[in-house]
There are 4 protein chains.
Amino acid sequence: MPGFFTNLLQVLRGRRGRDMGFLCRHLLSERGEASQTALAQEIINTYAMMDAPRRLEFFEMLCTEFSPDPAAIHRAAAEYQRQPDARTLGALSTAVEPPRQELIRRINTASRGTETLVALREHLLELPSGSADFSVLDADLKHLFRSWFNRGFLRLERISWQTSALILEKLIRYESVHEINGWPDLRRRLQADRRCFAFFHPALVDEPIIFVEVALSKGIAGDLEPLLSVEAPVLASEKADTAIFYSINNCLQGLRGVPFGNFLIKQVVAELAAEFPNIRTFSTLSPLPRFSRGLRDAQNEHGFTPARLSALLADYARDLTVAAKRRDPVESLFHLLESPLSHRDVLAAPLQRLALAYLTQARRDGKLCDSVATFHLSNGARLERINAFGNVRPYGVEASFGVAVNYRYLPAELEENHEQFVRQGRIRVSSSLLREHKAVLAAWQGPSGSN
Amino acid sequence: MPGFFTNLLQVLRGRRGRDMGFLCRHLLSERGEASQTALAQEIINTYAMMDAPRRLEFFEMLCTEFSPDPAAIHRAAAEYQRQPDARTLGALSTAVEPPRQELIRRINTASRGTETLVALREHLLELPSGSADFSVLDADLKHLFRSWFNRGFLRLERISWQTSALILEKLIRYESVHEINGWPDLRRRLQADRRCFAFFHPALVDEPIIFVEVALSKGIAGDLEPLLSVEAPVLASEKADTAIFYSINNCLQGLRGVPFGNFLIKQVVAELAAEFPNIRTFSTLSPLPRFSRGLRDAQNEHGFTPARLSALLADYARDLTVAAKRRDPVESLFHLLESPLSHRDVLAAPLQRLALAYLTQARRDGKLCDSVATFHLSNGARLERINAFGNVRPYGVEASFGVAVNYRYLPAELEENHEQFVRQGRIRVSSSLLREHKAVLAAWQGPSGSN
Amino acid sequence: MPGFFTNLLQVLRGRRGRDMGFLCRHLLSERGEASQTALAQEIINTYAMMDAPRRLEFFEMLCTEFSPDPAAIHRAAAEYQRQPDARTLGALSTAVEPPRQELIRRINTASRGTETLVALREHLLELPSGSADFSVLDADLKHLFRSWFNRGFLRLERISWQTSALILEKLIRYESVHEINGWPDLRRRLQADRRCFAFFHPALVDEPIIFVEVALSKGIAGDLEPLLSVEAPVLASEKADTAIFYSINNCLQGLRGVPFGNFLIKQVVAELAAEFPNIRTFSTLSPLPRFSRGLRDAQNEHGFTPARLSALLADYARDLTVAAKRRDPVESLFHLLESPLSHRDVLAAPLQRLALAYLTQARRDGKLCDSVATFHLSNGARLERINAFGNVRPYGVEASFGVAVNYRYLPAELEENHEQFVRQGRIRVSSSLLREHKAVLAAWQGPSGSN
Amino acid sequence: MPGFFTNLLQVLRGRRGRDMGFLCRHLLSERGEASQTALAQEIINTYAMMDAPRRLEFFEMLCTEFSPDPAAIHRAAAEYQRQPDARTLGALSTAVEPPRQELIRRINTASRGTETLVALREHLLELPSGSADFSVLDADLKHLFRSWFNRGFLRLERISWQTSALILEKLIRYESVHEINGWPDLRRRLQADRRCFAFFHPALVDEPIIFVEVALSKGIAGDLEPLLSVEAPVLASEKADTAIFYSINNCLQGLRGVPFGNFLIKQVVAELAAEFPNIRTFSTLSPLPRFSRGLRDAQNEHGFTPARLSALLADYARDLTVAAKRRDPVESLFHLLESPLSHRDVLAAPLQRLALAYLTQARRDGKLCDSVATFHLSNGARLERINAFGNVRPYGVEASFGVAVNYRYLPAELEENHEQFVRQGRIRVSSSLLREHKAVLAAWQGPSGSN
């Protein structure tokens, strides 16, 4: 609507410059309602020109000026306590809602509003720790984003070589699990035996929100190399019986905490099942991003304490010490792990056991150490298989000594697994892991039960 | 995702039938999270099959079962009162938000979710008065719809003869200001000197939310007939200098109270200004839906009391009594108004004065009687002109003795007009109405000032 | 390219007005090559403004000025006769091709070129008989259209209620088999148990070339009424086992003689077979546009001579004479046929026999009398069933006393049927018609063989 | 239509294998008409599986079996000679048209037909010289392609970073003037101060036919480096006053000889003029692909004979001999041209003169030596400027010692220039080149006029 309000905005600018405080108050005022979109546009444009210090001031203003009125809350709370009914509850509800939320909604009315607000939250989250506390602003943004980015408003789209370069370029940029090394690499990931799907939101044009890369395979793949190699031969899709989800990436930092991944995986499973009736198995091939750090962190009493390490390695003590030419199995292990790819034979079994322990037992702040495991297990997937040397790329060796893991999605057990995991922290493992799982449990809890 | 969860849903149905209480609780539970979309789909499908009594039960359940927990609110309120800070405010905020809102958000995650929820609210609003009180459910739906149908998520589209019949058919159905008499009538309204624009929401496919019909004209049109006539000659658009907004319609009852009209008009003004540089004047030609009722309502002390009627008609008393062959001017007026089209000459002037009084002075429950006036004036438009016999179609005569009114949108004064109207109830009239306006004021307030 | 050549065209216009002879010669000249598209545009625009007499002059000029040079043909022919090889053949080929063809190709280079040329041929074909002979121009247009409208360049599109009103309106206009009575009628023809498909050409935007209407049914429908009735209940498409092609219409007169129908029917059969695996039978329900005329034409010695009529009616003589209360069966027949719907019982059998005779035996100028039969039979369809009173709408009674006929498309016999029909005029009838067919043959050929 | 004709095709295959002779004869036969598309599809599929020797056999068969019947031509020619009228001309026309053309038209009716036929011609043109003579087949294909790829059927599309990677990848492959070095290079060529346009044909999906790359600049650019450099700063498009066409590429060898370039350039000029009112100058920056070969070819008596070389270099003799430390200016020139970039100062002037001579005077087989010059001059452009060292990339130095040339498109003179060039071989040069042009003419023609 620029033309229509050009004069108006020129007057405003003449009077107040591009004073964001004024603009925001005006946008929330009765007077400003008549020109809401124009004011919102002005705020959006002004924000786009701000540098970091200006943005800090702006965040500060948003946090101080547009919070709810404590006096009003006190009054409404007292009123509710006196007579708790629909009316007083409504009044209390209104009193506690920060005017900031309405301000954000109004900023969203103009062109590029959503984009700007998502960027604003990204700026907020990127602030160095030690910055002022803007958590109320962050909470309001997140609250609205969870509503606006409801799965019902997202559009699943297949990404292929027919997709625009503008979007494909963003995949290259956003892929952080298995870096895409330029266009030929991307091209291979979009061929006949690969699939890529993304969620888009109507207000964010040409901007994927989250995407997942899938490889069609025969059987559950445990080795990433054939999936990632640009030269890998293309499998005729009618020969595939399994879909391997090997990379899932959130694209926009500003949407952190708004859950999409669960929906995306399940929707893509449904799409693939419809397109390929032969594909019956759906599994990930996932990284363990903090396994090596976890293993080395002897300080964490809920993690790999020396006693637990010894117990876990007991079965492999001989092989390790012989190979490392040292006396202590733990010391031997760490010695060999300095170049794990040179000791695949001897390391494979102990690494699988340790990884299983890490994924199912090790905790930090009461939670599983591994965020990827947490994600898939709370989606209802089960721990299917642990693959020593499934990811021997440098970052894989660095993060997890090359270990990769399959989480498998079985419709029939999703609800049960999810509930068990969320309520009791119980983790479903495949039957082939059961015996190993018992060994891990025994070692972890030690002779006296819990360590 | 049907295929994927088919088994799961069959199990559920076997266990619980299509028990909506169970489904909704399950959808909100931790266990249900893993199969959210499938559960939401089940709820949506079940709702679609409900008849009116079943729906009533369902609404009741939603109102009773998913409201906030009073004890929790009491606790959170007390805590906040003890120590009002961001944390306790957050907790209070959480406590007052009805779980119903999250339930509604989750229902929205499945296909046709938004459509179903909008229909659900329509069913709610259509309940006969005297039904149980579902206002808390209505409030939750409205709250979410205001967020979801934020103008930033709406898409303006031009409706033309190239639009699909599916959508055009809906215009015919939804047009309630000036009924569209079949396809030839619609066709005329989409020719070169007409424009039609609608807002669409991405989650409601092929479903216009609100639309406006515009006629391009030379000068501000005061007579609807040439605008509505199917045979009216088509004006070459380069000859037009004015755009007349002659009909604006909300389409979905379920979105009542979510404001779109203000945004639509202003956006369309901007679109037209960009397409036709020669068009400088933007005005409506609007109905006065309750003018005849208001004029006849002698009981309303803030309306047309006998004293006010007499005073307003004083200048025309002679003409009226002569024409009606009666003694009393008021009685004469109502006599002539029984067939107003037969007495155009004598009625034109008094009708304009009375309509001006009705639009600017008459109040009911403290508000202007006329909702159309309230809408445009609060958008910042001004009262430009009153046209006796501007709408002589039967429904125009019935509602307003044929009077139609122009509200004019002038960018430079929108904010000022809006603020004056919203804060002080002051109404901006065009200079050509000023003198008449004074006469109305004098007559309305009477010899002793306010009546 | 208007802007670019504006000056040039203004110069041209200044010099020569809009002299079509000059423009066409210029477009074909070397000089004109540099501004081909602009010149073509000028010709197109000028043509659009011509009235009928001007068009006649233009056609005349095209016929006289742009024909091949006889002297050149003579030379090239002589040369070829002297030494028939690739070179002399090429030269002869060039000599016989009218420069008009290249002119037409160049006119086609500008925007709306194809549209204009198709309209031009329509104007040509619409000339009253007795007009000058423009057959060489017509032949050139038809030659190029056959090449340009090659099936490989046509796009099949489904027409539905989601199609634009602009296109749907054209269906209403172009439907000539079973008139569409306004939008509700059209709407019924596009519901779930109906299909409509059209061919489009990329150069003719929003312009269907030919379309076919299909009804999904249980069994081969012999009665049009349930297919055409606006109130007919909608059949769930999964219950259908048959597709009835009940109307096929060419849209553009200017494309007369360019064959599309054969391609369209077979493509639609393939589409339907893919969409509905349950549908195994594909049949038309077709009109007999000249049956009543043929029956009454006693002059045609290859048609219904009195002797043949008598022989054909011999089996029904008693019933007819009783019902008509006359002595002569033929006279009785024609008497009853004055109001055939009042005598359904007695007329059904003789009408079927007569229709079968008409469709398979009656000839005019050596060809089958019935163009619809010729079309489907030469497509390879077979004569499946004759339905007395299958079309009792006034135009059906008028054209064929209410008889309608099913032609059935069976992939396995298409080639054989087509070849038999095209080479030997032999017509394949269904087994249920065989006995009747023999009776017809016997009656037609008479006691002495051929009549 | 595969499903529909599956049985039929299986029968055919059973009987005849995939015998192309049989399939083609069948497709042209009456019998085959009923299943045209299916037969065409079979031919297309069979062709796709052929290796080179098989293709040769196929071409041979097409050339021998589907040519016109000489006897019929003789008859028709004789008939025409006896009585030359529309009928006999029509018959002669029919007799000389090879059945091959109808066969090709029928092959085109099936899916991927056009694509296959274009590929077939590419295979034909790629045959090693010395292969059998298939010129009649080539002529038929070219004849039909000129009709089918009429400019009226082409769609101009802008290529941008929002275009699909599938199409962009083809630009990289087809660009042969200034190689695109991967995606970042391509990306730069699609930024705000660049434009790329292509023609597409509706039957060739995702397949550009020809494309042109344009740089927006201030003034006529004479140096390619800033246009091609990936790091070149982006010019704000409102600052540009000139559009430089720096690369134009035909994509499909199979369409050789079908003219698109002239149309494309003029259409793009019109598009740019509409988008950027500030851009008034349209010029190329073009290569001279055979300049260095031409200069060195002393054998061509219509080219750079020693006498002409001496005369052309007379003005620069001193500088050249000093720089080269040799006695003879021509010898000096060629010595310096071994590393032209090291002698820019001394070579610039003589190179410009020689290039002008090459572009305007040198001929081979009666034609200009330079095909790029021929293309632009016959489009009506003029020779604007010669830029020594305008293209110092290795291939530029190799082909033309770094010389590049601007051809300028001026609407007002296009027709005149085109006609002069086509009829009399006269070349329009810009006023700034006039004096140099005279010097070249004098030197070229020598003391005795023409050499």
# chains A, B, ... in the order shown; residues from 1 in each chain; ligands from 1
>>> residues_around(residues="region 292-303 of chain B", least_positions_apart="4", cutoff="12 Å", atoms="only C-alpha atoms", output="count of residues only")
45
>>> select_by_dssp(residues="region 45-195 of chain B", states="helix (DSSP H, G or I)", output="number ranges by chain")
B: 45-48, 52-65, 70-82, 86-96, 99-107, 113-125, 135-148, 151-153, 165-174, 182-188
>>> interface_residues(of="chain A", to="chain D", cutoff="6 Å", atoms="only C-alpha atoms", output="MDAnalysis selection string")
chainID A and resid 161:166
>>> write_last_selection(atoms="C-alpha atoms", output="PDB file, in the first residue's frame")
ATOM      1  CA  TRP A 161      16.498 -30.956  -9.701  1.00  0.00           C
ATOM      2  CA  GLN A 162      13.501 -29.139 -11.163  1.00  0.00           C
ATOM      3  CA  THR A 163      13.329 -26.887  -8.140  1.00  0.00           C
ATOM      4  CA  SER A 164      14.586 -23.342  -8.575  1.00  0.00           C
ATOM      5  CA  ALA A 165      18.281 -22.698  -8.032  1.00  0.00           C
ATOM      6  CA  LEU A 166      17.312 -20.067  -5.468  1.00  0.00           C
TER       7      LEU A 166
END
>>> atom_distance(atom1="CA of Leu347 (chain B)", atom2="CA of Ser310 (chain B)")
14.9 Å
>>> residues_around(residues="Thr284 (chain D)", least_positions_apart="2", cutoff="7 Å", atoms="only C-alpha atoms", output="list of chain:residue names")
D:Ile244, D:Phe245, D:Tyr246, D:Ser286, D:Asn406, D:Tyr407, D:Arg408
>>> residues_around(residues="Ala132 (chain B)", least_positions_apart="2", cutoff="10 Å", atoms="only C-alpha atoms", output="CSV table (one decimal) with N, CA, C and O atoms, in the first residue's frame")
chain,number,residue,atom,x,y,z
B,56,LEU,N,-23.8,-30.5,19.6
B,56,LEU,CA,-24.1,-29.9,20.9
B,56,LEU,C,-23.3,-30.6,22.1
B,56,LEU,O,-22.7,-29.9,22.9
B,59,PHE,N,-19.7,-29.7,21.8
B,59,PHE,CA,-19.3,-28.4,22.3
B,59,PHE,C,-19.3,-28.4,23.8
B,59,PHE,O,-18.5,-27.8,24.5
B,60,GLU,N,-20.3,-29.0,24.4
B,60,GLU,CA,-20.4,-29.1,25.9
B,60,GLU,C,-19.2,-29.7,26.5
B,60,GLU,O,-18.6,-29.1,27.4
B,127,LEU,N,-26.3,-21.5,16.6
B,127,LEU,CA,-27.2,-22.1,17.6
B,127,LEU,C,-28.3,-21.1,18.0
B,127,LEU,O,-28.1,-19.9,18.1
B,128,PRO,N,-29.5,-21.7,18.1
B,128,PRO,CA,-30.6,-20.8,18.5
B,128,PRO,C,-30.3,-20.1,19.8
B,128,PRO,O,-29.7,-20.7,20.7
B,129,SER,N,-30.8,-18.9,20.0
B,129,SER,CA,-30.5,-18.2,21.3
B,129,SER,C,-31.3,-19.0,22.3
B,129,SER,O,-32.3,-19.7,22.0
B,130,GLY,N,-30.8,-19.1,23.5
B,130,GLY,CA,-31.4,-19.9,24.5
B,130,GLY,C,-30.6,-21.2,24.6
B,130,GLY,O,-30.9,-22.0,25.5
B,134,PHE,N,-21.7,-21.3,25.3
B,134,PHE,CA,-20.5,-21.9,24.9
B,134,PHE,C,-19.5,-20.7,24.6
B,134,PHE,O,-18.6,-20.9,23.8
B,135,SER,N,-19.7,-19.6,25.3
B,135,SER,CA,-18.8,-18.5,25.0
B,135,SER,C,-17.4,-18.7,25.2
B,135,SER,O,-16.5,-18.1,24.5
>>> atom_distance(atom1="CA of Asp319 (chain C)", atom2="CA of Ile386 (chain C)")
20.4 Å
>>> residues_around(residues="Val205 (chain A)", least_positions_apart="5", cutoff="10 Å", atoms="only C-alpha atoms", output="list in words")
Arg112, Glu115, Ile167 and Phe200 of chain A
>>> closest_atom_pairs(of="region 228-310 of chain A", to="region 29-34 of chain B", cutoff="12 Å", atoms="only C-alpha atoms", output="CSV")
residue,atom,partner,partner_atom,distance
A:Pro259,CA,B:Glu33,CA,11.6
A:Gly261,CA,B:Ala34,CA,11.7
A:Asn262,CA,B:Ala34,CA,8.0
A:Phe263,CA,B:Ala34,CA,9.1
A:Ile265,CA,B:Ala34,CA,11.3
A:Lys266,CA,B:Ala34,CA,9.3
>>> write_last_selection(atoms="C-alpha atoms", output="mmCIF file, in the first residue's frame")
data_model
loop_
_atom_site.group_PDB
_atom_site.id
_atom_site.type_symbol
_atom_site.label_atom_id
_atom_site.label_comp_id
_atom_site.auth_asym_id
_atom_site.auth_seq_id
_atom_site.Cartn_x
_atom_site.Cartn_y
_atom_site.Cartn_z
ATOM 1 C CA PRO A 259 8.658 -28.347 16.371
ATOM 2 C CA GLY A 261 10.765 -32.518 12.530
ATOM 3 C CA ASN A 262 8.314 -35.018 13.953
ATOM 4 C CA PHE A 263 5.629 -33.922 11.486
ATOM 5 C CA ILE A 265 9.355 -37.386 9.111
ATOM 6 C CA LYS A 266 5.926 -38.904 9.485
#
>>> closest_residue(among="B:Ser431, B:Ala72, B:Thr116, B:Arg106", to="Ser93 (chain B)", atoms="only C-alpha atoms")
B:Ala72
>>> residues_around(residues="Ser332 (chain B)", least_positions_apart="4", cutoff="7 Å", atoms="only C-alpha atoms", output="NGL selection string")
:B and (320-321 or 324 or 326 or 328 or 336)
>>> decode(residues="region 288-311 of chain D", atoms="N, CA and C atoms", output="PDB file, in the first residue's frame")
ATOM      1  N   LEU D 288      34.912 -12.597 -33.100  1.00  0.00           N
ATOM      2  CA  LEU D 288      35.220 -12.753 -34.535  1.00  0.00           C
ATOM      3  C   LEU D 288      35.837 -14.138 -34.666  1.00  0.00           C
ATOM      4  N   PRO D 289      35.030 -15.160 -34.787  1.00  0.00           N
ATOM      5  CA  PRO D 289      35.520 -16.526 -34.547  1.00  0.00           C
ATOM      6  C   PRO D 289      36.641 -16.980 -35.493  1.00  0.00           C
ATOM      7  N   ARG D 290      36.748 -16.375 -36.683  1.00  0.00           N
ATOM      8  CA  ARG D 290      37.757 -16.877 -37.619  1.00  0.00           C
ATOM      9  C   ARG D 290      38.744 -15.797 -38.047  1.00  0.00           C
ATOM     10  N   PHE D 291      38.831 -14.732 -37.298  1.00  0.00           N
ATOM     11  CA  PHE D 291      39.692 -13.642 -37.707  1.00  0.00           C
ATOM     12  C   PHE D 291      41.146 -14.083 -37.831  1.00  0.00           C
ATOM     13  N   SER D 292      41.651 -14.787 -36.832  1.00  0.00           N
ATOM     14  CA  SER D 292      43.073 -15.135 -36.898  1.00  0.00           C
ATOM     15  C   SER D 292      43.329 -16.120 -38.040  1.00  0.00           C
ATOM     16  N   ARG D 293      42.405 -17.036 -38.258  1.00  0.00           N
ATOM     17  CA  ARG D 293      42.584 -17.928 -39.395  1.00  0.00           C
ATOM     18  C   ARG D 293      42.552 -17.154 -40.709  1.00  0.00           C
ATOM     19  N   GLY D 294      41.615 -16.237 -40.812  1.00  0.00           N
ATOM     20  CA  GLY D 294      41.479 -15.456 -42.040  1.00  0.00           C
ATOM     21  C   GLY D 294      42.723 -14.640 -42.338  1.00  0.00           C
ATOM     22  N   LEU D 295      43.283 -14.064 -41.280  1.00  0.00           N
ATOM     23  CA  LEU D 295      44.448 -13.194 -41.473  1.00  0.00           C
ATOM     24  C   LEU D 295      45.644 -13.996 -41.988  1.00  0.00           C
ATOM     25  N   ARG D 296      45.694 -15.223 -41.542  1.00  0.00           N
ATOM     26  CA  ARG D 296      46.865 -16.043 -41.881  1.00  0.00           C
ATOM     27  C   ARG D 296      46.702 -16.774 -43.210  1.00  0.00           C
ATOM     28  N   ASP D 297      45.501 -16.717 -43.762  1.00  0.00           N
ATOM     29  CA  ASP D 297      45.234 -17.494 -44.964  1.00  0.00           C
ATOM     30  C   ASP D 297      45.629 -16.686 -46.201  1.00  0.00           C
ATOM     31  N   ALA D 298      46.876 -16.790 -46.565  1.00  0.00           N
ATOM     32  CA  ALA D 298      47.389 -15.988 -47.687  1.00  0.00           C
ATOM     33  C   ALA D 298      46.910 -16.545 -49.029  1.00  0.00           C
ATOM     34  N   GLN D 299      46.349 -17.739 -49.037  1.00  0.00           N
ATOM     35  CA  GLN D 299      45.927 -18.364 -50.281  1.00  0.00           C
ATOM     36  C   GLN D 299      44.641 -17.779 -50.844  1.00  0.00           C
ATOM     37  N   ASN D 300      43.810 -17.254 -49.956  1.00  0.00           N
ATOM     38  CA  ASN D 300      42.484 -16.789 -50.379  1.00  0.00           C
ATOM     39  C   ASN D 300      42.611 -15.469 -51.125  1.00  0.00           C
ATOM     40  N   GLU D 301      42.356 -15.507 -52.428  1.00  0.00           N
ATOM     41  CA  GLU D 301      42.582 -14.284 -53.203  1.00  0.00           C
ATOM     42  C   GLU D 301      41.558 -13.198 -52.867  1.00  0.00           C
ATOM     43  N   HIS D 302      40.442 -13.590 -52.224  1.00  0.00           N
ATOM     44  CA  HIS D 302      39.470 -12.587 -51.773  1.00  0.00           C
ATOM     45  C   HIS D 302      39.715 -12.202 -50.314  1.00  0.00           C
ATOM     46  N   GLY D 303      40.848 -12.627 -49.806  1.00  0.00           N
ATOM     47  CA  GLY D 303      41.148 -12.345 -48.408  1.00  0.00           C
ATOM     48  C   GLY D 303      42.422 -11.531 -48.278  1.00  0.00           C
ATOM     49  N   PHE D 304      43.163 -11.864 -47.230  1.00  0.00           N
ATOM     50  CA  PHE D 304      44.339 -11.057 -46.907  1.00  0.00           C
ATOM     51  C   PHE D 304      45.545 -11.478 -47.750  1.00  0.00           C
ATOM     52  N   THR D 305      45.574 -11.032 -48.993  1.00  0.00           N
ATOM     53  CA  THR D 305      46.739 -11.290 -49.835  1.00  0.00           C
ATOM     54  C   THR D 305      47.905 -10.470 -49.306  1.00  0.00           C
ATOM     55  N   PRO D 306      49.095 -10.866 -49.583  1.00  0.00           N
ATOM     56  CA  PRO D 306      50.255 -10.101 -49.100  1.00  0.00           C
ATOM     57  C   PRO D 306      50.170  -8.621 -49.492  1.00  0.00           C
ATOM     58  N   ALA D 307      49.724  -8.358 -50.722  1.00  0.00           N
ATOM     59  CA  ALA D 307      49.652  -6.958 -51.156  1.00  0.00           C
ATOM     60  C   ALA D 307      48.690  -6.175 -50.279  1.00  0.00           C
ATOM     61  N   ARG D 308      47.543  -6.784 -50.006  1.00  0.00           N
ATOM     62  CA  ARG D 308      46.567  -6.083 -49.169  1.00  0.00           C
ATOM     63  C   ARG D 308      47.093  -5.885 -47.763  1.00  0.00           C
ATOM     64  N   LEU D 309      47.701  -6.918 -47.231  1.00  0.00           N
ATOM     65  CA  LEU D 309      48.248  -6.805 -45.876  1.00  0.00           C
ATOM     66  C   LEU D 309      49.224  -5.631 -45.806  1.00  0.00           C
ATOM     67  N   SER D 310      50.107  -5.556 -46.780  1.00  0.00           N
ATOM     68  CA  SER D 310      51.074  -4.460 -46.796  1.00  0.00           C
ATOM     69  C   SER D 310      50.369  -3.118 -46.824  1.00  0.00           C
ATOM     70  N   ALA D 311      49.416  -3.023 -47.721  1.00  0.00           N
ATOM     71  CA  ALA D 311      48.724  -1.742 -47.864  1.00  0.00           C
ATOM     72  C   ALA D 311      48.002  -1.377 -46.573  1.00  0.00           C
TER      73      ALA D 311
END
